[in-house]
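Visitor: One file is attached below, target.csv, containing CSV, C-alpha atoms.
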```csv
chain,number,residue,atom,x,y,z
Y,1,MET,CA,-29.7,-17.0,32.2
Y,2,THR,CA,-28.7,-13.3,32.1
Y,3,GLU,CA,-25.1,-12.1,32.6
Y,4,THR,CA,-26.1,-10.6,36.0
Y,5,SER,CA,-27.5,-13.9,37.2
Y,6,ALA,CA,-24.4,-15.7,36.0
Y,7,LYS,CA,-22.2,-13.3,37.9
Y,8,SER,CA,-24.4,-13.6,41.0
Y,9,ILE,CA,-24.1,-17.4,41.0
Y,10,SER,CA,-20.3,-17.2,40.4
Y,11,SER,CA,-20.0,-14.7,43.3
Y,12,ARG,CA,-22.0,-17.0,45.6
Y,13,GLN,CA,-19.9,-20.0,44.7
Y,14,PHE,CA,-16.7,-18.1,45.3
Y,15,ASP,CA,-18.0,-16.8,48.6
Y,16,GLU,CA,-18.8,-20.3,49.7
Y,17,ALA,CA,-15.3,-21.5,48.6
Y,18,GLY,CA,-13.8,-18.5,50.4
Y,19,ASP,CA,-15.5,-19.3,53.7
Y,20,PRO,CA,-12.9,-20.2,56.3
Y,21,THR,CA,-14.6,-23.5,57.2
Y,22,THR,CA,-14.8,-24.5,53.5
Y,23,GLN,CA,-11.2,-23.5,52.9
Y,24,ARG,CA,-10.1,-25.7,55.9
Y,25,SER,CA,-12.1,-28.6,54.5
Y,26,LEU,CA,-10.7,-28.2,51.0
Y,27,ARG,CA,-7.1,-28.0,52.3
Y,28,GLY,CA,-7.7,-31.0,54.6
Y,29,GLY,CA,-9.2,-33.0,51.7
Y,30,ASN,CA,-6.2,-32.2,49.5
Y,31,ALA,CA,-3.7,-33.0,52.2
Y,32,SER,CA,-5.5,-36.4,52.9
Y,33,ARG,CA,-5.6,-37.2,49.2
Y,34,ALA,CA,-1.9,-36.4,48.7
Y,35,TRP,CA,-1.0,-38.5,51.8
Y,36,ARG,CA,-2.9,-41.5,50.4
Y,37,ARG,CA,-1.1,-41.2,47.1
Y,38,PHE,CA,2.3,-40.9,48.8
Y,39,LYS,CA,1.6,-43.9,51.1
Y,40,ALA,CA,0.8,-46.1,48.1
Y,41,ASN,CA,4.4,-45.8,47.0
Y,42,ARG,CA,6.2,-48.1,49.5
Y,43,LEU,CA,9.6,-47.2,48.1
Y,44,ALA,CA,9.0,-43.5,48.8
Y,45,VAL,CA,7.8,-44.3,52.3
Y,46,GLY,CA,11.0,-46.2,52.9
Y,47,ALA,CA,13.1,-43.4,51.5
Y,48,LEU,CA,11.3,-40.9,53.7
Y,49,ILE,CA,12.1,-43.0,56.8
Y,50,VAL,CA,15.8,-43.1,55.8
Y,51,CYS,CA,15.8,-39.3,55.2
Y,52,GLY,CA,14.2,-38.9,58.6
Y,53,LEU,CA,16.8,-41.0,60.3
Y,54,LEU,CA,19.6,-39.1,58.6
Y,55,VAL,CA,18.1,-35.8,59.8
Y,56,LEU,CA,17.7,-37.2,63.3
Y,57,ILE,CA,21.3,-38.4,63.4
Y,58,ALA,CA,22.4,-34.9,62.3
Y,59,LEU,CA,20.3,-33.2,64.9
Y,60,CYS,CA,21.5,-35.5,67.7
Y,61,ALA,CA,25.2,-35.4,66.7
Y,62,PRO,CA,26.4,-33.9,70.0
Y,63,LEU,CA,24.4,-36.5,72.0
Y,64,ILE,CA,25.8,-39.3,69.9
Y,65,SER,CA,29.3,-37.9,70.3
Y,66,GLU,CA,29.0,-37.7,74.1
Y,67,HIS,CA,27.2,-41.0,74.8
Y,68,ILE,CA,27.9,-43.4,72.0
Y,69,THR,CA,31.3,-42.7,70.3
Y,70,GLY,CA,32.6,-40.9,73.4
Y,71,VAL,CA,35.1,-38.7,71.5
Y,72,SER,CA,35.1,-35.2,70.0
Y,73,PRO,CA,35.1,-34.9,66.2
Y,74,ASN,CA,38.4,-32.9,66.3
Y,75,LYS,CA,40.3,-34.9,68.9
Y,76,GLN,CA,43.6,-35.9,67.4
Y,77,SER,CA,46.0,-38.7,68.3
Y,78,LEU,CA,48.8,-39.1,65.8
Y,79,LEU,CA,49.9,-42.3,67.5
Y,80,HIS,CA,46.7,-43.9,66.4
Y,81,ASN,CA,46.2,-42.6,62.8
Y,82,PHE,CA,44.9,-44.9,60.0
Y,83,GLU,CA,43.7,-47.4,62.5
Y,84,PRO,CA,41.2,-50.0,61.3
Y,85,ARG,CA,38.0,-50.8,63.1
Y,86,THR,CA,38.5,-51.2,66.8
Y,87,GLU,CA,36.2,-51.3,69.8
Y,88,GLY,CA,36.6,-47.5,70.4
Y,89,HIS,CA,36.6,-46.6,66.7
Y,90,LEU,CA,33.9,-48.4,64.8
Y,91,PHE,CA,34.9,-46.9,61.4
Y,92,GLY,CA,38.6,-46.5,62.3
Y,93,THR,CA,40.6,-43.3,62.4
Y,94,ASP,CA,41.8,-40.8,59.8
Y,95,GLU,CA,45.2,-39.4,59.0
Y,96,TYR,CA,45.2,-37.4,62.3
Y,97,GLY,CA,43.9,-40.2,64.5
Y,98,ARG,CA,40.4,-38.6,64.6
Y,99,ASP,CA,37.4,-40.9,65.0
Y,100,VAL,CA,35.9,-41.3,61.5
Y,101,LEU,CA,32.4,-42.2,62.7
Y,102,THR,CA,32.2,-39.1,64.9
Y,103,ARG,CA,33.4,-36.8,62.1
Y,104,LEU,CA,31.0,-38.4,59.7
Y,105,ILE,CA,28.0,-37.7,62.0
Y,106,PHE,CA,29.1,-34.1,62.5
Y,107,GLY,CA,29.9,-33.8,58.8
Y,108,LEU,CA,26.3,-34.9,58.0
Y,109,ARG,CA,25.0,-32.3,60.4
Y,110,VAL,CA,27.0,-29.5,58.7
Y,111,SER,CA,26.3,-30.6,55.1
Y,112,LEU,CA,22.6,-31.1,55.6
Y,113,GLY,CA,22.4,-27.8,57.5
Y,114,VAL,CA,24.1,-26.0,54.6
Y,115,ALA,CA,21.9,-27.8,52.0
Y,116,GLY,CA,18.7,-27.2,54.0
Y,117,LEU,CA,19.3,-23.5,54.6
Y,118,ALA,CA,20.4,-22.9,51.0
Y,119,THR,CA,17.2,-24.7,49.7
Y,120,LEU,CA,15.0,-22.7,52.0
Y,121,VAL,CA,16.5,-19.3,50.8
Y,122,THR,CA,16.3,-20.5,47.2
Y,123,VAL,CA,12.7,-21.5,47.4
Y,124,VAL,CA,11.6,-18.3,49.1
Y,125,LEU,CA,13.5,-16.0,46.6
Y,126,GLY,CA,12.6,-18.0,43.5
Y,127,THR,CA,8.9,-18.4,44.4
Y,128,LEU,CA,8.5,-14.8,45.5
Y,129,VAL,CA,10.1,-13.3,42.4
Y,130,GLY,CA,8.5,-15.7,39.9
Y,131,ALA,CA,5.0,-15.5,41.3
Y,132,THR,CA,5.1,-11.7,41.6
Y,133,ALA,CA,6.4,-11.2,38.1
Y,134,ALA,CA,3.8,-13.4,36.5
Y,135,PHE,CA,0.8,-12.4,38.5
Y,136,TYR,CA,1.2,-8.6,38.3
Y,137,GLY,CA,2.8,-8.5,34.8
Y,138,GLY,CA,3.5,-5.2,33.1
Y,139,TRP,CA,6.5,-3.2,34.3
Y,140,VAL,CA,6.8,-5.4,37.4
Y,141,ASP,CA,7.4,-8.4,35.2
Y,142,GLN,CA,9.8,-6.6,33.0
Y,143,VAL,CA,11.9,-5.2,35.9
Y,144,LEU,CA,12.1,-8.5,37.8
Y,145,MET,CA,12.8,-10.7,34.8
Y,146,ARG,CA,15.5,-8.3,33.5
Y,147,PHE,CA,17.1,-8.5,36.9
Y,148,VAL,CA,17.0,-12.3,36.7
Y,149,ASP,CA,18.6,-12.1,33.2
Y,150,VAL,CA,21.4,-10.0,34.6
Y,151,MET,CA,22.1,-12.3,37.5
Y,152,VAL,CA,22.0,-15.4,35.2
Y,153,SER,CA,24.8,-13.8,33.1
Y,154,ILE,CA,27.1,-13.7,36.1
Y,155,PRO,CA,29.0,-17.1,36.4
Y,156,GLY,CA,27.9,-18.3,39.9
Y,157,ILE,CA,30.8,-20.6,40.6
Y,158,TYR,CA,33.3,-17.9,39.9
Y,159,LEU,CA,31.4,-15.5,42.2
Y,160,LEU,CA,31.5,-18.2,44.9
Y,161,ILE,CA,35.3,-18.7,44.4
Y,162,LEU,CA,35.9,-15.0,44.5
Y,163,ILE,CA,34.0,-14.5,47.8
Y,164,GLY,CA,35.5,-17.6,49.3
Y,165,ALA,CA,39.0,-16.4,48.4
Y,166,LEU,CA,38.5,-13.0,49.9
Y,167,PHE,CA,36.5,-13.9,53.0
Y,168,THR,CA,36.3,-16.7,55.5
Y,169,VAL,CA,32.7,-18.1,55.3
Y,170,GLY,CA,31.0,-20.3,57.8
Y,171,PRO,CA,28.2,-22.8,57.1
Y,172,GLY,CA,25.5,-20.2,57.3
Y,173,GLN,CA,27.2,-17.7,55.0
Y,174,LEU,CA,28.1,-20.5,52.5
Y,175,ALA,CA,24.4,-21.6,52.4
Y,176,VAL,CA,23.2,-18.1,51.7
Y,177,LEU,CA,25.8,-17.6,49.0
Y,178,ILE,CA,24.9,-20.8,47.3
Y,179,ALA,CA,21.2,-19.8,47.4
Y,180,LEU,CA,21.9,-16.4,45.9
Y,181,ILE,CA,23.4,-17.9,42.8
Y,182,SER,CA,20.8,-20.7,42.5
Y,183,TRP,CA,17.3,-19.2,42.7
Y,184,TYR,CA,16.9,-18.0,39.1
Y,185,PRO,CA,15.8,-21.3,37.5
Y,186,LEU,CA,13.0,-21.6,40.1
Y,187,ALA,CA,11.9,-18.0,39.5
Y,188,ARG,CA,11.5,-18.7,35.8
Y,189,LEU,CA,9.8,-22.0,36.4
Y,190,ILE,CA,7.3,-20.5,38.8
Y,191,ARG,CA,6.7,-17.5,36.5
Y,192,SER,CA,5.9,-19.8,33.6
Y,193,GLU,CA,3.4,-21.9,35.6
Y,194,VAL,CA,1.7,-18.8,37.2
Y,195,LEU,CA,1.3,-17.2,33.8
Y,196,SER,CA,-0.8,-20.3,32.9
Y,197,ILE,CA,-2.7,-20.3,36.1
Y,198,ARG,CA,-3.7,-16.7,36.1
Y,199,GLN,CA,-5.8,-17.2,32.9
Y,200,ARG,CA,-8.1,-19.8,34.5
Y,201,GLU,CA,-11.7,-19.2,35.4
Y,202,TYR,CA,-11.4,-19.4,39.2
Y,203,ILE,CA,-8.8,-16.6,39.2
Y,204,ASP,CA,-11.3,-14.5,37.2
Y,205,SER,CA,-14.0,-15.3,39.7
Y,206,ALA,CA,-11.7,-14.2,42.5
Y,207,ARG,CA,-11.1,-10.9,40.9
Y,208,VAL,CA,-14.8,-10.4,40.2
Y,209,VAL,CA,-15.7,-10.6,43.9
Y,210,GLY,CA,-12.9,-8.2,44.8
Y,211,ALA,CA,-10.2,-10.5,46.3
Y,212,SER,CA,-6.9,-8.8,46.7
Y,213,GLY,CA,-3.8,-9.9,44.7
Y,214,HIS,CA,-2.2,-11.1,47.9
Y,215,THR,CA,-5.2,-13.3,48.7
Y,216,ILE,CA,-5.3,-14.7,45.2
Y,217,ILE,CA,-1.6,-15.6,45.1
Y,218,PHE,CA,-1.5,-17.4,48.5
Y,219,ARG,CA,-5.0,-19.0,48.4
Y,220,HIS,CA,-5.4,-19.9,44.7
Y,221,VAL,CA,-2.1,-19.7,42.9
Y,222,MET,CA,0.5,-21.1,45.3
Y,223,PRO,CA,-1.3,-24.4,46.0
Y,224,ASN,CA,-1.2,-25.2,42.3
Y,225,VAL,CA,2.6,-24.7,42.1
Y,226,THR,CA,3.5,-26.6,45.3
Y,227,HIS,CA,4.4,-29.7,43.4
Y,228,LEU,CA,6.9,-27.8,41.3
Y,229,ILE,CA,8.5,-26.2,44.4
Y,230,VAL,CA,8.8,-29.6,46.1
Y,231,VAL,CA,10.4,-31.2,43.1
Y,232,PHE,CA,12.9,-28.4,42.7
Y,233,ALA,CA,13.7,-28.4,46.4
Y,234,THR,CA,14.3,-32.1,46.6
Y,235,GLY,CA,16.5,-32.0,43.5
Y,236,ALA,CA,18.5,-29.0,45.0
Y,237,ILE,CA,19.4,-30.6,48.3
Y,238,PRO,CA,21.8,-33.2,46.9
Y,239,GLY,CA,23.1,-30.7,44.4
Y,240,TYR,CA,23.9,-28.3,47.3
Y,241,VAL,CA,25.7,-31.0,49.2
Y,242,LEU,CA,27.9,-31.5,46.1
Y,243,THR,CA,28.4,-27.8,45.7
Y,244,GLU,CA,29.7,-27.7,49.3
Y,245,ALA,CA,32.0,-30.6,48.5
Y,246,ALA,CA,33.3,-28.7,45.4
Y,247,MET,CA,34.0,-25.6,47.4
Y,248,SER,CA,35.9,-27.7,50.0
Y,249,PHE,CA,37.9,-29.3,47.2
Y,250,LEU,CA,39.1,-25.8,46.2
Y,251,GLY,CA,39.8,-25.0,49.9
Y,252,LEU,CA,37.1,-22.3,49.9
Y,253,GLY,CA,34.2,-24.1,51.7
Y,254,ILE,CA,33.9,-25.3,55.2
Y,255,ARG,CA,37.3,-24.7,56.7
Y,256,PRO,CA,39.2,-27.3,58.8
Y,257,PRO,CA,38.9,-28.6,61.4
Y,258,THR,CA,35.1,-28.3,61.1
Y,259,PRO,CA,34.0,-31.6,59.4
Y,260,SER,CA,31.6,-31.8,56.5
Y,261,LEU,CA,30.9,-34.6,54.0
Y,262,GLY,CA,32.6,-32.6,51.3
Y,263,SER,CA,35.8,-31.8,53.3
Y,264,MET,CA,36.0,-35.5,54.5
Y,265,LEU,CA,35.6,-36.8,50.9
Y,266,ILE,CA,38.3,-34.4,49.5
Y,267,GLY,CA,40.7,-35.1,52.4
Y,268,ALA,CA,40.3,-38.8,51.9
Y,269,THR,CA,41.4,-38.6,48.2
Y,270,GLN,CA,44.9,-37.9,49.4
Y,271,TYR,CA,45.1,-41.3,51.0
Y,272,LEU,CA,43.1,-43.3,48.4
Y,273,TYR,CA,45.7,-46.0,48.1
Y,274,LYS,CA,46.8,-46.1,51.7
Y,275,ARG,CA,43.4,-46.2,53.4
Y,276,PRO,CA,40.7,-46.3,50.6
Y,277,VAL,CA,37.9,-46.9,53.2
Y,278,LEU,CA,38.2,-43.3,54.2
Y,279,ILE,CA,36.6,-42.2,50.9
Y,280,PHE,CA,33.9,-44.8,51.1
Y,281,PHE,CA,32.0,-43.5,54.2
Y,282,PRO,CA,31.4,-39.8,53.1
Y,283,GLY,CA,31.0,-41.0,49.5
Y,284,ILE,CA,28.2,-43.5,50.3
Y,285,THR,CA,26.6,-41.0,52.6
Y,286,ILE,CA,26.4,-38.3,49.9
Y,287,THR,CA,25.1,-41.0,47.4
Y,288,LEU,CA,22.4,-42.1,50.0
Y,289,ILE,CA,21.2,-38.5,50.5
Y,290,ALA,CA,21.0,-37.9,46.8
Y,291,LEU,CA,19.1,-41.2,46.1
Y,292,MET,CA,16.7,-41.0,49.0
Y,293,VAL,CA,15.8,-37.4,48.6
Y,294,SER,CA,15.2,-37.9,44.8
Y,295,ILE,CA,12.9,-40.8,45.5
Y,296,VAL,CA,10.9,-38.8,48.0
Y,297,GLY,CA,10.8,-35.8,45.7
Y,298,ASN,CA,9.4,-37.7,42.8
Y,299,ALA,CA,6.7,-39.3,45.0
Y,300,LEU,CA,5.7,-35.9,46.5
Y,301,ARG,CA,5.5,-34.5,43.0
Y,302,ASP,CA,3.0,-37.1,42.0
Y,303,ALA,CA,1.1,-36.8,45.2
Y,304,LEU,CA,0.8,-33.0,45.2
Y,305,ASP,CA,0.1,-32.5,41.5
Y,306,PRO,CA,-3.4,-31.1,41.4
Y,307,ARG,CA,-3.9,-32.4,37.9
Y,308,LEU,CA,-3.9,-35.9,39.1
Y,309,ASN,CA,-7.1,-37.4,40.5
Y,310,GLY,CA,-7.7,-40.2,43.0
```
Would you write the structure of this file as structure tokens?
Guide:
Amino acid sequence: MTETSAKSISSRQFDEAGDPTTQRSLRGGNASRAWRRFKANRLAVGALIVCGLLVLIALCAPLISEHITGVSPNKQSLLHNFEPRTEGHLFGTDEYGRDVLTRLIFGLRVSLGVAGLATLVTVVLGTLVGATAAFYGGWVDQVLMRFVDVMVSIPGIYLLILIGALFTVGPGQLAVLIALISWYPLARLIRSEVLSIRQREYIDSARVVGASGHTIIFRHVMPNVTHLIVVFATGAIPGYVLTEAAMSFLGLGIRPPTPSLGSMLIGATQYLYKRPVLIFFPGITITLIALMVSIVGNALRDALDPRLNG
């Protein structure tokens, strides 16, 4: 077979694969295969259900406060502080007489919101920089990676402390700040994987038929790094919850009286011997988030990895 014939066949094969109907079929087949793998892991399915319930509780916090607990998360009653479980306070009250269950629900809402937004910004920045640097190479790679090196050299926690000390930050601002000091490892990870992918034959075939760099990245490169992004994101969420807790411990995170899991946990340490149960509720919630999200992330990694068959 001549070189021209080989290129013609390669071009036809790529054209067929690039057809919208074929692309939808391939994506649908990959999604179905990944879902079958994930469903086979019953522990992961259970963890996903728990994660869904936690998110649902966080989203419905105002409704729960209005119709179930019946109190505001910041309503104080110093005459009823440190009360044990009663009919009106299922988890008791804290040092200011506030309902612990209501504050726990709103704290879950704030902490998951901070962690979710921080993860989203981290994934977008890290993936964009890493994939662009690796795919285009040359001076683009040099400039972006030197920028990453510079940012890595800046101690992130000290930067957070400085900004928190100078400015009052809300949940949204804190999430963005956490993301801005956390996306560099993902950028390096994506760059390393894309450097390997760009050498494969189907990428050369795409170039031969004149596919643009944008098309190649989003149609042929990104699907092969999805499993890395998912694992990184699921590992980052509990880490960001703990980062928020650490900032609250320093008095630089979510400011009172806004509840968060971190601020509740740190506040409860002052009354560890007087009312130890106060530290249990936010502590077990953070532990549950970290465990369930990690289980789901590991299962998704295995399900989405294109190198696995079946």
Visitor: If you count all atoms listed in the file, which residues fall within 10 Å of stretch 88-104 of chain Y, apart from same-chain ones fewer than 2 positions away, as a ChimeraX atom specification?
Guide: /Y:58,61-62,64-66,68-86,106-110,257-261,264,267-268,270-271,275,277-278,281-282,285
Visitor: Just the residues within 12 Å of Y:Gly253, please, counting only C-alpha atoms, with nothing from its chain fewer than 6 positions along; format it as a PyMOL selection string.
Guide: chain Y and resi 110-111+114+160-165+167-175+177-178+240-247+259-264+266
Visitor: To one decimal place, how far is atom CA of Y:Ala233 from atom CA of Y:Gly156 in Å?
Guide: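 Interatomic distance here is 18.6 Å.
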Visitor: Considering all atoms listed in the file, can you say which of Y:Cys60, Y:Leu291, Y:Val225, Y:Leu166 comes closest to Y:Val194?
Guide: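 Between Y:Cys60, Y:Leu291, Y:Val225, Y:Leu166, the residue approaching Y:Val194 most closely is Y:Val225.
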Visitor: What is the distance between atom CA of Y:Ile279 and atom CA of Y:Gly251, in Å to one decimal?
Guide: 17.5 Å
Visitor: Which residues, written as a ChimeraX atom specification, have at least one atom at most 8 Å from stretch 124-132 of chain Y, with all atoms listed in the file counted and residues fewer than 2 positions away on the same chain left out?
Guide: /Y:120-122,134-137,140-141,144,183-192,194,217,229
Visitor: Could you state the separation of atom CA of Y:Thr287 and atom CA of Y:Pro238 in Å, given to one decimal place?
Guide: 8.5 Å
Visitor: Which protein, DNA or RNA residues have an atom at most 12 Å from (-6.6, -16.6, 36.7), counting all atoms listed in the file? List them as a count of residues only.
Guide: 26
